[in-house]
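Shown here: upload12.cif, mmCIF, C-alpha atoms.
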data_work
#
loop_
_atom_site.group_PDB
_atom_site.id
_atom_site.type_symbol
_atom_site.label_atom_id
_atom_site.label_comp_id
_atom_site.auth_asym_id
_atom_site.auth_seq_id
_atom_site.Cartn_x
_atom_site.Cartn_y
_atom_site.Cartn_z
ATOM 1 C CA MET A 1 52.005 27.336 -103.014
ATOM 2 C CA SER A 2 50.808 30.903 -103.533
ATOM 3 C CA GLU A 3 50.143 30.222 -107.189
ATOM 4 C CA TYR A 4 47.599 27.553 -106.157
ATOM 5 C CA ILE A 5 46.071 29.541 -103.300
ATOM 6 C CA ALA A 6 45.274 32.649 -105.352
ATOM 7 C CA PRO A 7 42.898 30.878 -107.784
ATOM 8 C CA LEU A 8 41.308 29.019 -104.859
ATOM 9 C CA ILE A 9 40.682 32.280 -103.053
ATOM 10 C CA ASN A 10 39.210 33.766 -106.220
ATOM 11 C CA ASP A 11 36.918 30.763 -106.638
ATOM 12 C CA LEU A 12 35.816 30.968 -103.013
ATOM 13 C CA THR A 13 35.241 34.689 -103.371
ATOM 14 C CA ASP A 14 33.106 34.180 -106.486
ATOM 15 C CA GLU A 15 31.125 31.423 -104.792
ATOM 16 C CA LEU A 16 30.585 33.564 -101.704
ATOM 17 C CA CYS A 17 29.421 36.504 -103.830
ATOM 18 C CA GLN A 18 26.990 34.272 -105.698
ATOM 19 C CA HIS A 19 25.686 32.880 -102.412
ATOM 20 C CA LEU A 20 25.253 36.339 -100.891
ATOM 21 C CA SER A 21 23.663 37.624 -104.087
ATOM 22 C CA GLY A 22 21.212 34.702 -104.119
ATOM 23 C CA PHE A 23 20.431 35.226 -100.445
ATOM 24 C CA TYR A 24 19.797 38.930 -101.073
ATOM 25 C CA PHE A 25 17.431 38.233 -103.953
ATOM 26 C CA VAL A 26 15.540 35.643 -101.898
ATOM 27 C CA GLN A 27 15.175 38.100 -99.035
ATOM 28 C CA GLU A 28 14.127 40.876 -101.420
ATOM 29 C CA TYR A 29 11.577 38.590 -103.098
ATOM 30 C CA MET A 30 10.116 37.634 -99.713
ATOM 31 C CA ARG A 31 9.958 41.297 -98.706
ATOM 32 C CA LEU A 32 8.137 42.290 -101.900
ATOM 33 C CA GLU A 33 5.801 39.294 -101.624
ATOM 34 C CA ASN A 34 4.923 40.292 -98.071
ATOM 35 C CA LYS A 35 4.411 43.895 -99.162
ATOM 36 C CA ASN A 36 2.119 42.805 -102.004
ATOM 37 C CA THR A 37 0.114 40.651 -99.602
ATOM 38 C CA LYS A 38 -0.349 43.558 -97.204
ATOM 39 C CA THR A 39 -1.267 45.875 -100.089
ATOM 40 C CA HIS A 40 -3.838 43.365 -101.351
ATOM 41 C CA GLU A 41 -5.322 42.978 -97.867
ATOM 42 C CA SER A 42 -5.456 46.752 -97.474
ATOM 43 C CA LEU A 43 -7.163 47.103 -100.864
ATOM 44 C CA MET A 44 -9.702 44.399 -99.985
ATOM 45 C CA LEU A 45 -10.438 46.155 -96.693
ATOM 46 C CA SER A 46 -10.846 49.511 -98.461
ATOM 47 C CA ASN A 47 -13.224 47.959 -101.001
ATOM 48 C CA LYS A 48 -15.208 46.336 -98.190
ATOM 49 C CA ARG A 49 -15.521 49.668 -96.381
ATOM 50 C CA LEU A 50 -16.477 51.396 -99.644
ATOM 51 C CA ASN A 51 -19.179 48.784 -100.280
ATOM 52 C CA GLU A 52 -20.466 49.213 -96.730
ATOM 53 C CA LEU A 53 -20.628 52.981 -97.195
ATOM 54 C CA THR A 54 -22.420 52.555 -100.534
ATOM 55 C CA VAL A 55 -24.991 50.224 -98.992
ATOM 56 C CA LYS A 56 -25.473 52.566 -96.031
ATOM 57 C CA ASP A 57 -25.837 55.546 -98.372
ATOM 58 C CA ASN A 58 -28.459 53.739 -100.438
ATOM 59 C CA LEU A 59 -30.328 52.676 -97.304
ATOM 60 C CA ASP A 60 -30.269 56.255 -96.004
ATOM 61 C CA LYS A 61 -31.747 57.452 -99.299
ATOM 62 C CA LEU A 62 -34.526 54.863 -99.118
ATOM 63 C CA VAL A 63 -35.313 55.916 -95.555
ATOM 64 C CA ASN A 64 -35.647 59.485 -96.821
ATOM 65 C CA VAL A 65 -37.989 58.360 -99.615
ATOM 66 C CA ARG A 66 -40.091 56.378 -97.134
ATOM 67 C CA HIS A 67 -40.342 59.452 -94.937
ATOM 68 C CA LEU A 68 -41.448 61.632 -97.857
ATOM 69 C CA ALA A 69 -44.039 59.073 -98.956
ATOM 70 C CA SER A 70 -45.392 58.776 -95.428
ATOM 71 C CA ASN A 71 -45.706 62.553 -95.078
ATOM 72 C CA MET A 72 -47.435 62.865 -98.432
ATOM 73 C CA LEU A 73 -49.983 60.162 -97.652
ATOM 74 C CA GLN A 74 -50.701 61.577 -94.196
ATOM 75 C CA ARG A 75 -51.532 64.940 -95.768
ATOM 76 C CA ARG A 76 -53.942 63.321 -98.200
ATOM 77 C CA GLN A 77 -56.807 62.617 -95.822
ATOM 78 C CA GLY A 78 -60.030 61.615 -97.559
ATOM 79 C CA THR A 79 -58.299 60.710 -100.846
ATOM 80 C CA THR A 80 -56.917 57.488 -102.275
ATOM 81 C CA GLY A 81 -53.423 56.427 -101.315
ATOM 82 C CA ASP A 82 -52.162 55.945 -104.857
ATOM 83 C CA TYR A 83 -49.009 57.726 -105.998
ATOM 84 C CA ILE A 84 -46.204 57.450 -108.547
ATOM 85 C CA LEU A 85 -42.563 57.138 -107.515
ATOM 86 C CA MET A 86 -40.252 58.562 -110.182
ATOM 87 C CA ILE A 87 -36.466 58.454 -110.376
ATOM 88 C CA VAL A 88 -34.860 61.048 -112.652
ATOM 89 C CA GLU A 89 -31.184 61.121 -113.671
ATOM 90 C CA ILE A 90 -29.358 63.840 -115.576
ATOM 91 C CA ASP A 91 -27.720 62.598 -118.782
ATOM 92 C CA ASN A 92 -23.937 63.005 -119.175
ATOM 93 C CA TYR A 93 -23.635 65.136 -116.039
ATOM 94 C CA TYR A 94 -20.109 64.049 -115.132
ATOM 95 C CA GLN A 95 -18.851 64.472 -118.694
ATOM 96 C CA ILE A 96 -20.235 68.026 -118.803
ATOM 97 C CA ASN A 97 -18.800 68.816 -115.388
ATOM 98 C CA GLU A 98 -15.374 67.434 -116.311
ATOM 99 C CA ARG A 99 -15.150 69.000 -119.756
ATOM 100 C CA TYR A 100 -16.685 72.416 -119.134
ATOM 101 C CA GLY A 101 -16.056 72.955 -115.430
ATOM 102 C CA PHE A 102 -17.772 72.858 -112.077
ATOM 103 C CA SER A 103 -19.812 76.011 -112.685
ATOM 104 C CA GLU A 104 -21.386 74.440 -115.786
ATOM 105 C CA GLY A 105 -22.222 71.342 -113.780
ATOM 106 C CA GLU A 106 -23.925 73.529 -111.189
ATOM 107 C CA ASN A 107 -25.842 75.271 -113.957
ATOM 108 C CA VAL A 108 -27.118 71.929 -115.267
ATOM 109 C CA ILE A 109 -28.307 70.911 -111.789
ATOM 110 C CA SER A 110 -30.049 74.249 -111.309
ATOM 111 C CA CYS A 111 -31.823 74.030 -114.683
ATOM 112 C CA VAL A 112 -32.978 70.453 -114.132
ATOM 113 C CA SER A 113 -34.154 71.211 -110.589
ATOM 114 C CA ASN A 114 -36.259 74.100 -111.884
ATOM 115 C CA ILE A 115 -37.808 71.950 -114.625
ATOM 116 C CA LEU A 116 -38.695 69.147 -112.223
ATOM 117 C CA ALA A 117 -40.144 71.496 -109.623
ATOM 118 C CA GLY A 118 -42.166 73.294 -112.289
ATOM 119 C CA SER A 119 -43.595 70.049 -113.686
ATOM 120 C CA ILE A 120 -45.321 68.802 -110.529
ATOM 121 C CA ARG A 121 -47.888 70.191 -108.110
ATOM 122 C CA ASP A 122 -46.998 72.147 -105.012
ATOM 123 C CA ASP A 123 -48.140 69.292 -102.778
ATOM 124 C CA ASP A 124 -46.118 66.631 -104.626
ATOM 125 C CA TYR A 125 -42.594 65.875 -103.431
ATOM 126 C CA LEU A 126 -39.203 66.428 -105.054
ATOM 127 C CA SER A 127 -36.010 65.137 -103.429
ATOM 128 C CA HIS A 128 -32.491 65.716 -104.793
ATOM 129 C CA GLN A 129 -31.012 62.351 -103.848
ATOM 130 C CA SER A 130 -27.508 62.684 -105.252
ATOM 131 C CA VAL A 131 -25.546 64.814 -107.701
ATOM 132 C CA GLU A 132 -27.393 63.663 -110.817
ATOM 133 C CA ARG A 133 -30.372 61.799 -109.316
ATOM 134 C CA TYR A 134 -33.770 63.009 -108.132
ATOM 135 C CA VAL A 135 -36.784 61.235 -106.657
ATOM 136 C CA LEU A 136 -40.322 62.517 -107.208
ATOM 137 C CA LEU A 137 -43.479 61.376 -105.432
ATOM 138 C CA VAL A 138 -46.516 62.355 -107.485
ATOM 139 C CA LYS A 139 -50.107 61.887 -106.386
ATOM 140 C CA ASN A 140 -52.009 59.667 -108.773
ATOM 141 C CA ILE A 141 -55.277 61.586 -109.044
ATOM 142 C CA GLN A 142 -55.711 61.428 -112.804
ATOM 143 C CA GLN A 143 -55.797 58.752 -115.479
ATOM 144 C CA ASN A 144 -52.194 58.938 -116.660
ATOM 145 C CA PRO A 145 -50.033 61.390 -114.661
ATOM 146 C CA ILE A 146 -46.777 60.011 -116.103
ATOM 147 C CA LYS A 147 -47.810 60.888 -119.646
ATOM 148 C CA THR A 148 -48.662 64.436 -118.577
ATOM 149 C CA ILE A 149 -45.470 64.908 -116.570
ATOM 150 C CA GLY A 150 -43.309 63.355 -119.292
ATOM 151 C CA ARG A 151 -44.765 65.765 -121.841
ATOM 152 C CA ARG A 152 -43.966 68.668 -119.512
ATOM 153 C CA PHE A 153 -40.400 67.425 -119.113
ATOM 154 C CA ILE A 154 -39.826 67.194 -122.873
ATOM 155 C CA GLN A 155 -41.385 70.584 -123.618
ATOM 156 C CA ALA A 156 -39.394 72.281 -120.852
ATOM 157 C CA LEU A 157 -36.118 70.696 -121.996
ATOM 158 C CA ASP A 158 -36.715 71.704 -125.617
ATOM 159 C CA LYS A 159 -37.461 75.269 -124.577
ATOM 160 C CA LEU A 160 -34.421 75.373 -122.298
ATOM 161 C CA ASN A 161 -31.953 74.072 -124.886
ATOM 162 C CA GLN A 162 -33.242 76.519 -127.490
ATOM 163 C CA SER A 163 -32.771 79.447 -125.125
ATOM 164 C CA ILE A 164 -29.327 78.716 -123.668
ATOM 165 C CA ASP A 165 -26.097 79.277 -125.557
ATOM 166 C CA LYS A 166 -24.141 76.228 -124.434
ATOM 167 C CA PRO A 167 -21.875 73.743 -126.232
ATOM 168 C CA TYR A 168 -24.000 70.914 -124.811
ATOM 169 C CA ASP A 169 -27.655 69.961 -124.447
ATOM 170 C CA ILE A 170 -29.287 69.391 -121.079
ATOM 171 C CA SER A 171 -31.379 66.244 -120.854
ATOM 172 C CA PHE A 172 -32.453 63.603 -118.384
ATOM 173 C CA CYS A 173 -34.254 60.283 -118.347
ATOM 174 C CA TRP A 174 -36.623 58.736 -115.851
ATOM 175 C CA GLY A 175 -38.224 55.563 -114.604
ATOM 176 C CA TYR A 176 -41.301 55.164 -112.451
ATOM 177 C CA ALA A 177 -43.460 52.732 -110.508
ATOM 178 C CA ALA A 178 -47.009 52.946 -109.213
ATOM 179 C CA ALA A 179 -47.427 52.610 -105.452
ATOM 180 C CA ASN A 180 -49.998 53.113 -102.708
ATOM 181 C CA MET A 181 -50.381 53.143 -98.957
ATOM 182 C CA ASP A 182 -49.896 49.376 -98.760
ATOM 183 C CA SER A 183 -46.948 49.155 -101.167
ATOM 184 C CA ASN A 184 -43.424 48.214 -100.192
ATOM 185 C CA ILE A 185 -41.483 51.404 -100.952
ATOM 186 C CA ASP A 186 -38.301 49.370 -101.549
ATOM 187 C CA ASP A 187 -40.029 47.362 -104.283
ATOM 188 C CA ALA A 188 -41.414 50.498 -105.922
ATOM 189 C CA TYR A 189 -37.977 52.139 -105.841
ATOM 190 C CA ARG A 190 -36.376 49.049 -107.378
ATOM 191 C CA LYS A 191 -38.950 48.882 -110.188
ATOM 192 C CA ALA A 192 -38.514 52.581 -110.958
ATOM 193 C CA GLU A 193 -34.737 52.175 -110.985
ATOM 194 C CA GLU A 194 -34.953 49.176 -113.323
ATOM 195 C CA MET A 195 -37.064 51.197 -115.759
ATOM 196 C CA LEU A 196 -34.610 54.094 -115.498
ATOM 197 C CA LEU A 197 -31.685 51.816 -116.354
ATOM 198 C CA GLU A 198 -33.607 50.427 -119.334
ATOM 199 C CA GLU A 199 -34.235 53.952 -120.605
ATOM 200 C CA LYS A 200 -30.579 54.868 -120.188
ATOM 201 C CA GLN A 201 -29.577 51.733 -122.094
ATOM 202 C CA LYS A 202 -31.925 52.637 -124.942
ATOM 203 C CA ARG A 203 -30.185 55.991 -125.285
ATOM 204 C CA VAL A 204 -26.784 54.324 -125.412
ATOM 205 C CA ASN A 205 -27.901 51.653 -127.880
ATOM 206 C CA PRO A 206 -30.972 52.930 -129.732
ATOM 207 C CA SER A 207 -32.696 50.239 -131.781
#

Take the structure from the file and write it as structure tokens.
Amino acid sequence: MSEYIAPLINDLTDELCQHLSGFYFVQEYMRLENKNTKTHESLMLSNKRLNELTVKDNLDKLVNVRHLASNMLQRRQGTTGDYILMIVEIDNYYQINERYGFSEGENVISCVSNILAGSIRDDDYLSHQSVERYVLLVKNIQQNPIKTIGRRFIQALDKLNQSIDKPYDISFCWGYAAANMDSNIDDAYRKAEEMLLEEKQKRVNPS
């Protein structure tokens, strides 16, 4: 009898092990699937919050630009309400900051800020919107202020890069839009940003 029971017990043991092993893998699969679902939901929520913060940040910046434009126009009593909204962005800022260090990134910001401030009038407005982005509000009291300001930018950058001993060049690009007292500041900002992006694209893929 024992010679028949032993193989039967072995078979039952093997079958039980296979069953328990299969049950374990099913449970483990369900656990991992549930974990992945929760991770995905958490990631989606984080992205949603990040998008909300980005939108809020952009709206806050536009509110600041509106405020600057309003102040500038209020101070211009007896003159036309025409002005130019410019958006300036430093080229390759993050690459310079990452490769050469934070202090070099700060140096680039300082140099660009000085050039921008020195290229406009005292009663124009300059706002440092983000790390590499600036907004300028320039009174339109001459035929082509953008041409004049652009020439100042280029001359100042050439002079700067010739005088500094750095393993990189400092440069920036800009876009602009004409506006006035009756303009929608959001539309002007969007047009200036579109031109800026076009200029940046030209530098990446020059024709």

If we count only C-alpha atoms and set the cut-off at 7 Å, which residues sit around Tyr176 of chain A, ignoring sequence neighbours fewer than 5 positions away in its own chain? Please answer as a ChimeraX atom specification. /A:84-87,192,195

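When all atoms listed in the file are used to measure the gap to Asp158 of chain A, the shortest distance among A:Phe172, A:Tyr189, A:Tyr134, A:Tyr94 belongs to A:Phe172.
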
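Across the structure, atom CA of Ile96 of chain A and atom CA of Asp169 of chain A are spaced 9.5 Å apart.
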
Residue by residue, what does the PyMOL selection byres ((chain A and resi 146) around 12) grab here? Present the result as JSON, numbers by chain. {"A": [83, 84, 85, 86, 87, 119, 120, 136, 137, 138, 139, 140, 141, 142, 143, 144, 145, 147, 148, 149, 150, 151, 152, 153, 174, 175, 176, 177, 178]}

Measuring atom to atom with all atoms listed in the file, identify which of A:Glu104, A:Glu89, A:Asp165, A:Glu193 is nearest to Leu116 of chain A. A:Glu89
